[in-house]
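Next comes entry15.pdb, with PDB, C-alpha atoms and all ligand atoms.
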```
ATOM      1  CA  MET A   1      29.496  65.648 -41.157  1.00  0.00           C
ATOM      2  CA  LYS A   2      28.654  62.476 -43.080  1.00  0.00           C
ATOM      3  CA  ILE A   3      25.176  61.102 -42.558  1.00  0.00           C
ATOM      4  CA  ILE A   4      23.869  57.675 -43.478  1.00  0.00           C
ATOM      5  CA  ALA A   5      20.139  57.166 -43.004  1.00  0.00           C
ATOM      6  CA  LEU A   6      18.911  53.667 -42.273  1.00  0.00           C
ATOM      7  CA  LEU A   7      15.433  53.227 -43.754  1.00  0.00           C
ATOM      8  CA  GLY A   8      13.077  50.306 -43.312  1.00  0.00           C
ATOM      9  CA  ALA A   9      10.088  48.998 -41.430  1.00  0.00           C
ATOM     10  CA  PRO A  10      10.027  48.694 -37.658  1.00  0.00           C
ATOM     11  CA  GLY A  11      11.694  45.360 -36.878  1.00  0.00           C
ATOM     12  CA  SER A  12      13.855  45.271 -40.001  1.00  0.00           C
ATOM     13  CA  GLY A  13      17.001  45.423 -37.847  1.00  0.00           C
ATOM     14  CA  LYS A  14      18.137  49.027 -38.350  1.00  0.00           C
ATOM     15  CA  GLY A  15      18.712  49.605 -34.647  1.00  0.00           C
ATOM     16  CA  THR A  16      20.539  46.310 -34.108  1.00  0.00           C
ATOM     17  CA  GLN A  17      22.905  46.983 -37.009  1.00  0.00           C
ATOM     18  CA  ALA A  18      23.427  50.631 -36.087  1.00  0.00           C
ATOM     19  CA  LYS A  19      24.362  49.615 -32.524  1.00  0.00           C
ATOM     20  CA  LYS A  20      26.869  47.055 -33.782  1.00  0.00           C
ATOM     21  CA  LEU A  21      28.413  49.454 -36.312  1.00  0.00           C
ATOM     22  CA  SER A  22      28.698  52.256 -33.772  1.00  0.00           C
ATOM     23  CA  GLN A  23      30.287  49.913 -31.188  1.00  0.00           C
ATOM     24  CA  SER A  24      33.261  49.656 -33.551  1.00  0.00           C
ATOM     25  CA  GLY A  25      33.719  53.392 -32.936  1.00  0.00           C
ATOM     26  CA  ILE A  26      33.614  54.572 -36.550  1.00  0.00           C
ATOM     27  CA  CYS A  27      30.311  56.397 -36.265  1.00  0.00           C
ATOM     28  CA  PHE A  28      27.680  57.779 -33.905  1.00  0.00           C
ATOM     29  CA  HIS A  29      24.294  56.048 -33.671  1.00  0.00           C
ATOM     30  CA  LEU A  30      21.368  58.454 -33.458  1.00  0.00           C
ATOM     31  CA  SER A  31      18.053  56.671 -32.929  1.00  0.00           C
ATOM     32  CA  THR A  32      15.033  58.964 -32.820  1.00  0.00           C
ATOM     33  CA  GLY A  33      12.962  56.204 -31.167  1.00  0.00           C
ATOM     34  CA  ASP A  34      15.553  55.829 -28.369  1.00  0.00           C
ATOM     35  CA  THR A  35      15.767  59.610 -27.980  1.00  0.00           C
ATOM     36  CA  LEU A  36      11.970  59.822 -27.628  1.00  0.00           C
ATOM     37  CA  ARG A  37      11.905  56.946 -25.128  1.00  0.00           C
ATOM     38  CA  GLY A  38      14.614  58.797 -23.145  1.00  0.00           C
ATOM     39  CA  ALA A  39      12.481  61.961 -23.219  1.00  0.00           C
ATOM     40  CA  ILE A  40       9.476  59.982 -21.929  1.00  0.00           C
ATOM     41  CA  LYS A  41      11.564  58.514 -19.096  1.00  0.00           C
ATOM     42  CA  ASP A  42      12.828  62.008 -18.184  1.00  0.00           C
ATOM     43  CA  GLY A  43       9.270  63.369 -18.294  1.00  0.00           C
ATOM     44  CA  THR A  44      10.146  66.222 -20.694  1.00  0.00           C
ATOM     45  CA  GLU A  45       7.491  68.142 -22.628  1.00  0.00           C
ATOM     46  CA  ILE A  46       8.429  66.424 -25.913  1.00  0.00           C
ATOM     47  CA  GLY A  47       8.262  63.049 -24.161  1.00  0.00           C
ATOM     48  CA  LEU A  48       4.799  63.761 -22.780  1.00  0.00           C
ATOM     49  CA  ARG A  49       3.533  64.871 -26.205  1.00  0.00           C
ATOM     50  CA  ALA A  50       5.097  61.884 -27.978  1.00  0.00           C
ATOM     51  CA  LYS A  51       4.016  59.117 -25.600  1.00  0.00           C
ATOM     52  CA  THR A  52       0.337  58.906 -26.573  1.00  0.00           C
ATOM     53  CA  LEU A  53       1.208  58.799 -30.270  1.00  0.00           C
ATOM     54  CA  MET A  54       3.941  56.193 -29.778  1.00  0.00           C
ATOM     55  CA  ASP A  55       1.648  53.981 -27.693  1.00  0.00           C
ATOM     56  CA  ARG A  56      -0.870  54.055 -30.563  1.00  0.00           C
ATOM     57  CA  GLY A  57       1.775  53.258 -33.194  1.00  0.00           C
ATOM     58  CA  GLU A  58       1.397  56.691 -34.821  1.00  0.00           C
ATOM     59  CA  LEU A  59       4.158  59.035 -35.938  1.00  0.00           C
ATOM     60  CA  VAL A  60       5.212  62.050 -33.896  1.00  0.00           C
ATOM     61  CA  PRO A  61       4.655  65.282 -35.935  1.00  0.00           C
ATOM     62  CA  ASP A  62       7.387  66.206 -38.414  1.00  0.00           C
ATOM     63  CA  SER A  63       8.003  69.605 -36.814  1.00  0.00           C
ATOM     64  CA  VAL A  64       8.769  68.001 -33.421  1.00  0.00           C
ATOM     65  CA  MET A  65      11.048  65.378 -34.957  1.00  0.00           C
ATOM     66  CA  ILE A  66      12.935  67.833 -37.157  1.00  0.00           C
ATOM     67  CA  GLU A  67      13.628  70.106 -34.195  1.00  0.00           C
ATOM     68  CA  MET A  68      14.735  67.143 -32.087  1.00  0.00           C
ATOM     69  CA  VAL A  69      17.160  65.842 -34.730  1.00  0.00           C
ATOM     70  CA  GLU A  70      18.479  69.359 -35.382  1.00  0.00           C
ATOM     71  CA  CYS A  71      19.205  69.686 -31.684  1.00  0.00           C
ATOM     72  CA  CYS A  72      20.932  66.267 -31.430  1.00  0.00           C
ATOM     73  CA  LEU A  73      23.076  66.815 -34.531  1.00  0.00           C
ATOM     74  CA  GLY A  74      24.038  70.246 -33.226  1.00  0.00           C
ATOM     75  CA  THR A  75      25.766  68.647 -30.237  1.00  0.00           C
ATOM     76  CA  LEU A  76      28.050  66.487 -32.412  1.00  0.00           C
ATOM     77  CA  PRO A  77      31.403  67.552 -33.873  1.00  0.00           C
ATOM     78  CA  ASP A  78      31.520  68.123 -37.640  1.00  0.00           C
ATOM     79  CA  SER A  79      34.146  65.423 -38.052  1.00  0.00           C
ATOM     80  CA  MET A  80      31.672  62.784 -36.841  1.00  0.00           C
ATOM     81  CA  SER A  81      29.922  60.306 -39.145  1.00  0.00           C
ATOM     82  CA  VAL A  82      26.362  59.594 -38.075  1.00  0.00           C
ATOM     83  CA  LEU A  83      24.043  56.633 -38.597  1.00  0.00           C
ATOM     84  CA  LEU A  84      20.494  57.932 -38.434  1.00  0.00           C
ATOM     85  CA  ASP A  85      18.125  55.210 -37.279  1.00  0.00           C
ATOM     86  CA  GLY A  86      14.402  55.930 -37.541  1.00  0.00           C
ATOM     87  CA  PHE A  87      14.760  59.340 -39.209  1.00  0.00           C
ATOM     88  CA  PRO A  88      13.698  60.403 -41.773  1.00  0.00           C
ATOM     89  CA  ARG A  89      10.388  58.535 -41.836  1.00  0.00           C
ATOM     90  CA  THR A  90       8.555  60.963 -44.126  1.00  0.00           C
ATOM     91  CA  VAL A  91       9.452  63.028 -47.200  1.00  0.00           C
ATOM     92  CA  PRO A  92       9.108  66.348 -45.283  1.00  0.00           C
ATOM     93  CA  GLN A  93      11.637  64.996 -42.744  1.00  0.00           C
ATOM     94  CA  ALA A  94      13.995  63.956 -45.575  1.00  0.00           C
ATOM     95  CA  LYS A  95      13.654  67.376 -47.196  1.00  0.00           C
ATOM     96  CA  ALA A  96      14.285  69.132 -43.908  1.00  0.00           C
ATOM     97  CA  LEU A  97      17.437  67.115 -43.418  1.00  0.00           C
ATOM     98  CA  ASP A  98      18.649  68.168 -46.855  1.00  0.00           C
ATOM     99  CA  LEU A  99      17.524  71.784 -46.759  1.00  0.00           C
ATOM    100  CA  ARG A 100      17.013  73.108 -43.244  1.00  0.00           C
ATOM    101  CA  LEU A 101      19.383  71.142 -41.125  1.00  0.00           C
ATOM    102  CA  ARG A 102      23.084  71.854 -41.439  1.00  0.00           C
ATOM    103  CA  THR A 103      23.778  68.647 -43.282  1.00  0.00           C
ATOM    104  CA  THR A 104      22.516  66.250 -45.951  1.00  0.00           C
ATOM    105  CA  VAL A 105      22.107  62.500 -46.150  1.00  0.00           C
ATOM    106  CA  HIS A 106      24.989  61.071 -48.147  1.00  0.00           C
ATOM    107  CA  LEU A 107      23.482  57.634 -48.418  1.00  0.00           C
ATOM    108  CA  ALA A 108      20.157  56.003 -47.560  1.00  0.00           C
ATOM    109  CA  VAL A 109      20.249  52.272 -46.855  1.00  0.00           C
ATOM    110  CA  TYR A 110      16.902  50.493 -47.158  1.00  0.00           C
ATOM    111  CA  PHE A 111      16.463  47.366 -45.007  1.00  0.00           C
ATOM    112  CA  LYS A 112      14.049  45.304 -47.117  1.00  0.00           C
ATOM    113  CA  MET A 113      11.981  42.610 -45.437  1.00  0.00           C
ATOM    114  CA  HIS A 114       8.636  40.747 -45.741  1.00  0.00           C
ATOM    115  CA  GLU A 115       5.790  41.887 -43.497  1.00  0.00           C
ATOM    116  CA  GLN A 116       5.064  38.462 -41.903  1.00  0.00           C
ATOM    117  CA  ASP A 117       8.724  38.229 -40.782  1.00  0.00           C
ATOM    118  CA  LEU A 118       8.511  41.728 -39.302  1.00  0.00           C
ATOM    119  CA  VAL A 119       5.558  40.845 -37.061  1.00  0.00           C
ATOM    120  CA  LEU A 120       7.420  37.771 -35.743  1.00  0.00           C
ATOM    121  CA  ARG A 121      10.548  39.785 -35.108  1.00  0.00           C
ATOM    122  CA  LEU A 122       8.814  42.676 -33.357  1.00  0.00           C
ATOM    123  CA  THR A 123       6.505  40.721 -31.090  1.00  0.00           C
ATOM    124  CA  GLY A 124       9.424  38.567 -29.794  1.00  0.00           C
ATOM    125  CA  ARG A 125      11.858  41.430 -29.380  1.00  0.00           C
ATOM    126  CA  GLN A 126      13.444  42.236 -26.006  1.00  0.00           C
ATOM    127  CA  THR A 127      15.971  44.904 -25.038  1.00  0.00           C
ATOM    128  CA  CYS A 128      18.231  45.234 -22.032  1.00  0.00           C
ATOM    129  CA  GLU A 129      16.903  48.115 -19.978  1.00  0.00           C
ATOM    130  CA  ARG A 130      20.433  48.905 -18.753  1.00  0.00           C
ATOM    131  CA  CYS A 131      22.720  48.693 -21.828  1.00  0.00           C
ATOM    132  CA  GLY A 132      20.227  48.524 -24.719  1.00  0.00           C
ATOM    133  CA  GLU A 133      21.517  45.191 -26.086  1.00  0.00           C
ATOM    134  CA  PRO A 134      18.838  43.701 -28.368  1.00  0.00           C
ATOM    135  CA  TYR A 135      17.528  40.096 -28.044  1.00  0.00           C
ATOM    136  CA  HIS A 136      14.711  37.979 -29.465  1.00  0.00           C
ATOM    137  CA  ILE A 137      12.916  35.279 -27.484  1.00  0.00           C
ATOM    138  CA  SER A 138      13.297  32.759 -30.355  1.00  0.00           C
ATOM    139  CA  PHE A 139      16.039  34.027 -32.697  1.00  0.00           C
ATOM    140  CA  VAL A 140      18.573  35.591 -30.291  1.00  0.00           C
ATOM    141  CA  PRO A 141      17.612  34.314 -26.826  1.00  0.00           C
ATOM    142  CA  PRO A 142      19.679  35.332 -23.795  1.00  0.00           C
ATOM    143  CA  LEU A 143      21.574  32.592 -21.928  1.00  0.00           C
ATOM    144  CA  LYS A 144      19.424  33.242 -18.840  1.00  0.00           C
ATOM    145  CA  GLN A 145      15.769  34.074 -19.436  1.00  0.00           C
ATOM    146  CA  ASP A 146      14.993  37.821 -19.237  1.00  0.00           C
ATOM    147  CA  LEU A 147      18.597  38.739 -18.283  1.00  0.00           C
ATOM    148  CA  CYS A 148      21.194  40.445 -20.466  1.00  0.00           C
ATOM    149  CA  ASP A 149      24.276  38.335 -21.327  1.00  0.00           C
ATOM    150  CA  ARG A 150      26.466  41.433 -21.449  1.00  0.00           C
ATOM    151  CA  CYS A 151      25.583  43.307 -18.267  1.00  0.00           C
ATOM    152  CA  GLY A 152      23.026  41.197 -16.359  1.00  0.00           C
ATOM    153  CA  GLY A 153      20.340  43.905 -16.740  1.00  0.00           C
ATOM    154  CA  ASN A 154      16.645  43.054 -17.043  1.00  0.00           C
ATOM    155  CA  LEU A 155      15.267  42.429 -20.516  1.00  0.00           C
ATOM    156  CA  ILE A 156      12.066  44.264 -21.296  1.00  0.00           C
ATOM    157  CA  GLN A 157       9.546  44.315 -24.125  1.00  0.00           C
ATOM    158  CA  ARG A 158       8.661  47.701 -25.584  1.00  0.00           C
ATOM    159  CA  SER A 159       5.008  48.591 -25.012  1.00  0.00           C
ATOM    160  CA  ASP A 160       4.637  49.354 -28.736  1.00  0.00           C
ATOM    161  CA  ASP A 161       5.867  45.850 -29.663  1.00  0.00           C
ATOM    162  CA  MET A 162       2.512  44.303 -28.734  1.00  0.00           C
ATOM    163  CA  GLU A 163       0.820  42.819 -31.768  1.00  0.00           C
ATOM    164  CA  ALA A 164      -2.023  45.326 -32.244  1.00  0.00           C
ATOM    165  CA  VAL A 165       0.380  48.286 -32.061  1.00  0.00           C
ATOM    166  CA  VAL A 166       2.923  46.493 -34.271  1.00  0.00           C
ATOM    167  CA  ARG A 167       0.305  46.107 -36.999  1.00  0.00           C
ATOM    168  CA  GLN A 168      -0.575  49.807 -36.794  1.00  0.00           C
ATOM    169  CA  ARG A 169       3.129  50.786 -36.953  1.00  0.00           C
ATOM    170  CA  LEU A 170       3.541  48.659 -40.070  1.00  0.00           C
ATOM    171  CA  ARG A 171       0.427  50.279 -41.641  1.00  0.00           C
ATOM    172  CA  VAL A 172       1.852  53.735 -40.937  1.00  0.00           C
ATOM    173  CA  PHE A 173       5.225  52.687 -42.364  1.00  0.00           C
ATOM    174  CA  ALA A 174       3.574  51.439 -45.569  1.00  0.00           C
ATOM    175  CA  THR A 175       1.866  54.805 -46.153  1.00  0.00           C
ATOM    176  CA  GLN A 176       5.189  56.707 -46.129  1.00  0.00           C
ATOM    177  CA  ASN A 177       7.746  54.248 -47.422  1.00  0.00           C
ATOM    178  CA  GLU A 178       7.350  54.371 -51.202  1.00  0.00           C
ATOM    179  CA  ALA A 179       7.556  58.139 -51.398  1.00  0.00           C
ATOM    180  CA  LEU A 180      10.573  58.189 -49.093  1.00  0.00           C
ATOM    181  CA  LEU A 181      12.440  55.578 -51.132  1.00  0.00           C
ATOM    182  CA  SER A 182      11.685  57.388 -54.360  1.00  0.00           C
ATOM    183  CA  TYR A 183      12.961  60.675 -52.832  1.00  0.00           C
ATOM    184  CA  TYR A 184      16.381  59.084 -52.297  1.00  0.00           C
ATOM    185  CA  GLU A 185      16.291  57.037 -55.490  1.00  0.00           C
ATOM    186  CA  LYS A 186      15.745  60.157 -57.617  1.00  0.00           C
ATOM    187  CA  THR A 187      18.883  61.694 -56.150  1.00  0.00           C
ATOM    188  CA  LYS A 188      20.838  58.421 -56.545  1.00  0.00           C
ATOM    189  CA  ARG A 189      21.506  58.004 -52.849  1.00  0.00           C
ATOM    190  CA  LEU A 190      19.544  54.802 -52.241  1.00  0.00           C
ATOM    191  CA  ILE A 191      20.966  51.328 -51.704  1.00  0.00           C
ATOM    192  CA  GLU A 192      19.001  48.269 -50.631  1.00  0.00           C
ATOM    193  CA  VAL A 193      20.053  45.405 -48.357  1.00  0.00           C
ATOM    194  CA  ASP A 194      18.375  42.064 -47.586  1.00  0.00           C
ATOM    195  CA  ALA A 195      17.301  42.548 -43.971  1.00  0.00           C
ATOM    196  CA  GLY A 196      16.284  38.872 -43.719  1.00  0.00           C
ATOM    197  CA  LEU A 197      19.948  37.775 -43.654  1.00  0.00           C
ATOM    198  CA  PRO A 198      21.403  36.541 -40.340  1.00  0.00           C
ATOM    199  CA  VAL A 199      22.482  39.485 -38.162  1.00  0.00           C
ATOM    200  CA  ALA A 200      26.219  38.677 -38.372  1.00  0.00           C
ATOM    201  CA  THR A 201      26.155  38.277 -42.178  1.00  0.00           C
ATOM    202  CA  LEU A 202      24.301  41.543 -42.676  1.00  0.00           C
ATOM    203  CA  GLN A 203      26.665  43.252 -40.262  1.00  0.00           C
ATOM    204  CA  SER A 204      29.776  42.240 -42.182  1.00  0.00           C
ATOM    205  CA  ASN A 205      28.120  43.158 -45.512  1.00  0.00           C
ATOM    206  CA  LEU A 206      27.216  46.583 -44.142  1.00  0.00           C
ATOM    207  CA  GLN A 207      30.632  47.118 -42.610  1.00  0.00           C
ATOM    208  CA  ARG A 208      32.250  46.417 -45.971  1.00  0.00           C
ATOM    209  CA  MET A 209      29.759  48.569 -47.882  1.00  0.00           C
ATOM    210  CA  LEU A 210      29.787  51.512 -45.522  1.00  0.00           C
ATOM    211  CA  SER A 211      33.418  51.692 -44.465  1.00  0.00           C
ATOM    212  CA  GLU A 212      34.378  54.036 -47.296  1.00  0.00           C
ATOM    213  CA  TRP A 213      31.418  56.317 -46.472  1.00  0.00           C
ATOM    214  CA  LEU A 214      32.030  56.351 -42.756  1.00  0.00           C
ATOM    215  CA  THR A 215      35.762  57.062 -42.748  1.00  0.00           C
TER     216      THR A 215
HETATM  217  P1  LIG A 301      11.377  53.307 -33.359  1.00  0.00           P
HETATM  218  O1  LIG A 301      12.100  53.031 -32.084  1.00  0.00           O
HETATM  219  O2  LIG A 301      12.263  53.873 -34.425  1.00  0.00           O
HETATM  220  O3  LIG A 301      10.568  52.125 -33.841  1.00  0.00           O
HETATM  221  O4  LIG A 301      10.312  54.472 -33.024  1.00  0.00           O
HETATM  222  C1  LIG A 301       9.316  54.282 -32.045  1.00  0.00           C
HETATM  223  C2  LIG A 301       8.220  55.318 -32.234  1.00  0.00           C
HETATM  224  O5  LIG A 301       8.777  56.630 -32.078  1.00  0.00           O
HETATM  225  C3  LIG A 301       7.562  55.344 -33.601  1.00  0.00           C
HETATM  226  O6  LIG A 301       6.528  54.378 -33.722  1.00  0.00           O
HETATM  227  C4  LIG A 301       7.046  56.766 -33.654  1.00  0.00           C
HETATM  228  O7  LIG A 301       5.876  56.911 -32.850  1.00  0.00           O
HETATM  229  C5  LIG A 301       8.153  57.554 -32.976  1.00  0.00           C
HETATM  230  N1  LIG A 301       9.180  58.025 -33.949  1.00  0.00           N
HETATM  231  C6  LIG A 301      10.490  57.670 -33.987  1.00  0.00           C
HETATM  232  N2  LIG A 301      11.125  58.285 -34.995  1.00  0.00           N
HETATM  233  C7  LIG A 301      10.182  59.033 -35.622  1.00  0.00           C
HETATM  234  C8  LIG A 301      10.213  59.887 -36.768  1.00  0.00           C
HETATM  235  N3  LIG A 301      11.327  60.091 -37.475  1.00  0.00           N
HETATM  236  N4  LIG A 301       9.050  60.510 -37.118  1.00  0.00           N
HETATM  237  C9  LIG A 301       7.916  60.336 -36.419  1.00  0.00           C
HETATM  238  N5  LIG A 301       7.820  59.528 -35.337  1.00  0.00           N
HETATM  239  C10 LIG A 301       8.946  58.879 -34.933  1.00  0.00           C
END
```
What's the structure tokens form of this structure?
Ligand code: AMP
Amino acid sequence: MKIIALLGAPGSGKGTQAKKLSQSGICFHLSTGDTLRGAIKDGTEIGLRAKTLMDRGELVPDSVMIEMVECCLGTLPDSMSVLLDGFPRTVPQAKALDLRLRTTVHLAVYFKMHEQDLVLRLTGRQTCERCGEPYHISFVPPLKQDLCDRCGGNLIQRSDDMEAVVRQRLRVFATQNEALLSYYEKTKRLIEVDAGLPVATLQSNLQRMLSEWLT
């Protein structure tokens, strides 16, 4: 199993790019944030434990996340390439992926972006509650307000995309990021992309860069 980890601040576009790359069918998109939101919706024990932390912009404990990712990866065939979006977020998670889980990260792609742009992106972000298609009220508006162009579903704002929580999420990100990048840099698995590029440009750059890793 080939794994590519997408690293970067909340709002840097990891999820948007992972969705687009996985729609082409060459890889599976595993988002730990989406998996947790699914667990909250289903009212599972993990969901209940995670919700309070997520609403405050804090991280869910490493042990919970590692077990969750282990479980998700275990359901996928070995021949599958996986884009990990939102995991690892800490060095213990990165180490667990390399040592404890049945696989290692082959490449870590860091989505680099300025903090003031991240706040703008996150606070205007909307997602289709039916198909997950991402939008932005200013940068990628839907044709009809609050409705998905693809499936007509309602567009919703995540509760943790409100400004106070966004700022806390960015603070938490900043405390972990340097160590995480240096973990992958030391093992020569880190590449960096300009996450401020237009979505379509970044997508074609990534597709070109990653195609040899994903196939
Ligand atoms: P995301 O959708 O990736 O922005 O994640 C939303 C929230 O889920 C985060 O703010 C965390 O509370 C939690 N979360 C997602 N992935 C992780 C992770 N790898 N480690 C800890 N918490 C996570």
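Residues in contact with segment 69-75 of chain A at 10 Å, where all atoms listed in the file are counted and same-chain residues fewer than 4 positions away are skipped, are listed as Met1, Leu30, Ser31, Thr32, Thr35, Val64, Met65, Met80, Val82, Leu84, Phe87, Pro88, Gln93, Ala96, Leu97, Arg100, Leu101, Arg102 and Thr103 of chain A.
For the set A:Gln168, A:Gln145, A:Thr104, A:Ser22, the residue with the smallest atom-to-atom gap to ligand LIG 301 (chain A) is A:Gln168, counting all atoms listed in the file.
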Could you jot down the atom CA of Ile191 of chain A to atom CA of Leu76 of chain A separation for me, Å, one decimal place?
-> 25.5 Å
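The nearest approach to ligand LIG 301 (chain A) among the residues A:Ser182, A:Gln17, A:Thr44, A:Ser63, with all atoms listed in the file taken into account, belongs to A:Ser63.
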Test item: residues lying within 6 Å of ligand LIG 301 (chain A) with only C-alpha atoms and all ligand atoms, as a PDB file with C-alpha atoms, in the coordinates of the input:
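Once written, out.pdb looks like this:
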```
ATOM      1  CA  PRO A  10      10.027  48.694 -37.658  1.00  0.00           C
ATOM      2  CA  THR A  32      15.033  58.964 -32.820  1.00  0.00           C
ATOM      3  CA  GLY A  33      12.962  56.204 -31.167  1.00  0.00           C
ATOM      4  CA  ASP A  34      15.553  55.829 -28.369  1.00  0.00           C
ATOM      5  CA  LEU A  53       1.208  58.799 -30.270  1.00  0.00           C
ATOM      6  CA  MET A  54       3.941  56.193 -29.778  1.00  0.00           C
ATOM      7  CA  GLY A  57       1.775  53.258 -33.194  1.00  0.00           C
ATOM      8  CA  GLU A  58       1.397  56.691 -34.821  1.00  0.00           C
ATOM      9  CA  LEU A  59       4.158  59.035 -35.938  1.00  0.00           C
ATOM     10  CA  VAL A  60       5.212  62.050 -33.896  1.00  0.00           C
ATOM     11  CA  PRO A  61       4.655  65.282 -35.935  1.00  0.00           C
ATOM     12  CA  MET A  65      11.048  65.378 -34.957  1.00  0.00           C
ATOM     13  CA  GLY A  86      14.402  55.930 -37.541  1.00  0.00           C
ATOM     14  CA  PHE A  87      14.760  59.340 -39.209  1.00  0.00           C
ATOM     15  CA  PRO A  88      13.698  60.403 -41.773  1.00  0.00           C
ATOM     16  CA  ARG A  89      10.388  58.535 -41.836  1.00  0.00           C
ATOM     17  CA  ARG A 169       3.129  50.786 -36.953  1.00  0.00           C
TER      18      ARG A 169
END
```
As a JSON list (two decimals), keeping the file's coordinate frame, could you write out segment 23-44 of chain A once it has been completed with N, CA and C atoms?
```json
[["chain", "number", "residue", "atom", "x", "y", "z"],
["A", 23, "GLN", "N", 29.40, 50.47, -32.23],
["A", 23, "GLN", "CA", 30.29, 49.91, -31.19],
["A", 23, "GLN", "C", 31.73, 49.81, -31.69],
["A", 24, "SER", "N", 31.90, 49.72, -33.02],
["A", 24, "SER", "CA", 33.26, 49.66, -33.55],
["A", 24, "SER", "C", 33.92, 51.04, -33.52],
["A", 25, "GLY", "N", 33.15, 52.06, -33.16],
["A", 25, "GLY", "CA", 33.72, 53.39, -32.94],
["A", 25, "GLY", "C", 33.85, 54.26, -34.18],
["A", 26, "ILE", "N", 33.41, 53.76, -35.35],
["A", 26, "ILE", "CA", 33.61, 54.57, -36.55],
["A", 26, "ILE", "C", 32.48, 55.57, -36.80],
["A", 27, "CYS", "N", 31.41, 55.48, -36.04],
["A", 27, "CYS", "CA", 30.31, 56.40, -36.26],
["A", 27, "CYS", "C", 29.46, 56.54, -35.00],
["A", 28, "PHE", "N", 28.59, 57.55, -35.02],
["A", 28, "PHE", "CA", 27.68, 57.78, -33.90],
["A", 28, "PHE", "C", 26.29, 57.28, -34.31],
["A", 29, "HIS", "N", 25.63, 56.59, -33.39],
["A", 29, "HIS", "CA", 24.29, 56.05, -33.67],
["A", 29, "HIS", "C", 23.25, 56.99, -33.08],
["A", 30, "LEU", "N", 22.45, 57.59, -33.95],
["A", 30, "LEU", "CA", 21.37, 58.45, -33.46],
["A", 30, "LEU", "C", 20.02, 57.81, -33.79],
["A", 31, "SER", "N", 19.37, 57.30, -32.75],
["A", 31, "SER", "CA", 18.05, 56.67, -32.93],
["A", 31, "SER", "C", 16.99, 57.63, -32.40],
["A", 32, "THR", "N", 16.07, 58.03, -33.28],
["A", 32, "THR", "CA", 15.03, 58.96, -32.82],
["A", 32, "THR", "C", 14.06, 58.27, -31.86],
["A", 33, "GLY", "N", 13.83, 56.95, -32.08],
["A", 33, "GLY", "CA", 12.96, 56.20, -31.17],
["A", 33, "GLY", "C", 13.57, 56.18, -29.77],
["A", 34, "ASP", "N", 14.88, 55.87, -29.68],
["A", 34, "ASP", "CA", 15.55, 55.83, -28.37],
["A", 34, "ASP", "C", 15.54, 57.21, -27.71],
["A", 35, "THR", "N", 15.75, 58.25, -28.53],
["A", 35, "THR", "CA", 15.77, 59.61, -27.98],
["A", 35, "THR", "C", 14.39, 59.96, -27.41],
["A", 36, "LEU", "N", 13.33, 59.56, -28.14],
["A", 36, "LEU", "CA", 11.97, 59.82, -27.63],
["A", 36, "LEU", "C", 11.69, 59.03, -26.36],
["A", 37, "ARG", "N", 12.13, 57.75, -26.34],
["A", 37, "ARG", "CA", 11.90, 56.95, -25.13],
["A", 37, "ARG", "C", 12.66, 57.55, -23.94],
["A", 38, "GLY", "N", 13.86, 58.11, -24.20],
["A", 38, "GLY", "CA", 14.61, 58.80, -23.14],
["A", 38, "GLY", "C", 13.85, 60.01, -22.65],
["A", 39, "ALA", "N", 13.24, 60.75, -23.59],
["A", 39, "ALA", "CA", 12.48, 61.96, -23.22],
["A", 39, "ALA", "C", 11.25, 61.59, -22.39],
["A", 40, "ILE", "N", 10.64, 60.44, -22.71],
["A", 40, "ILE", "CA", 9.48, 59.98, -21.93],
["A", 40, "ILE", "C", 9.92, 59.64, -20.51],
["A", 41, "LYS", "N", 11.04, 58.92, -20.41],
["A", 41, "LYS", "CA", 11.56, 58.51, -19.10],
["A", 41, "LYS", "C", 11.89, 59.75, -18.25],
["A", 42, "ASP", "N", 12.45, 60.78, -18.91],
["A", 42, "ASP", "CA", 12.83, 62.01, -18.18],
["A", 42, "ASP", "C", 11.63, 62.92, -17.92],
["A", 43, "GLY", "N", 10.48, 62.57, -18.49],
["A", 43, "GLY", "CA", 9.27, 63.37, -18.29],
["A", 43, "GLY", "C", 9.33, 64.75, -18.93],
["A", 44, "THR", "N", 10.07, 64.91, -20.04],
["A", 44, "THR", "CA", 10.15, 66.22, -20.69],
["A", 44, "THR", "C", 8.85, 66.50, -21.47]]
```
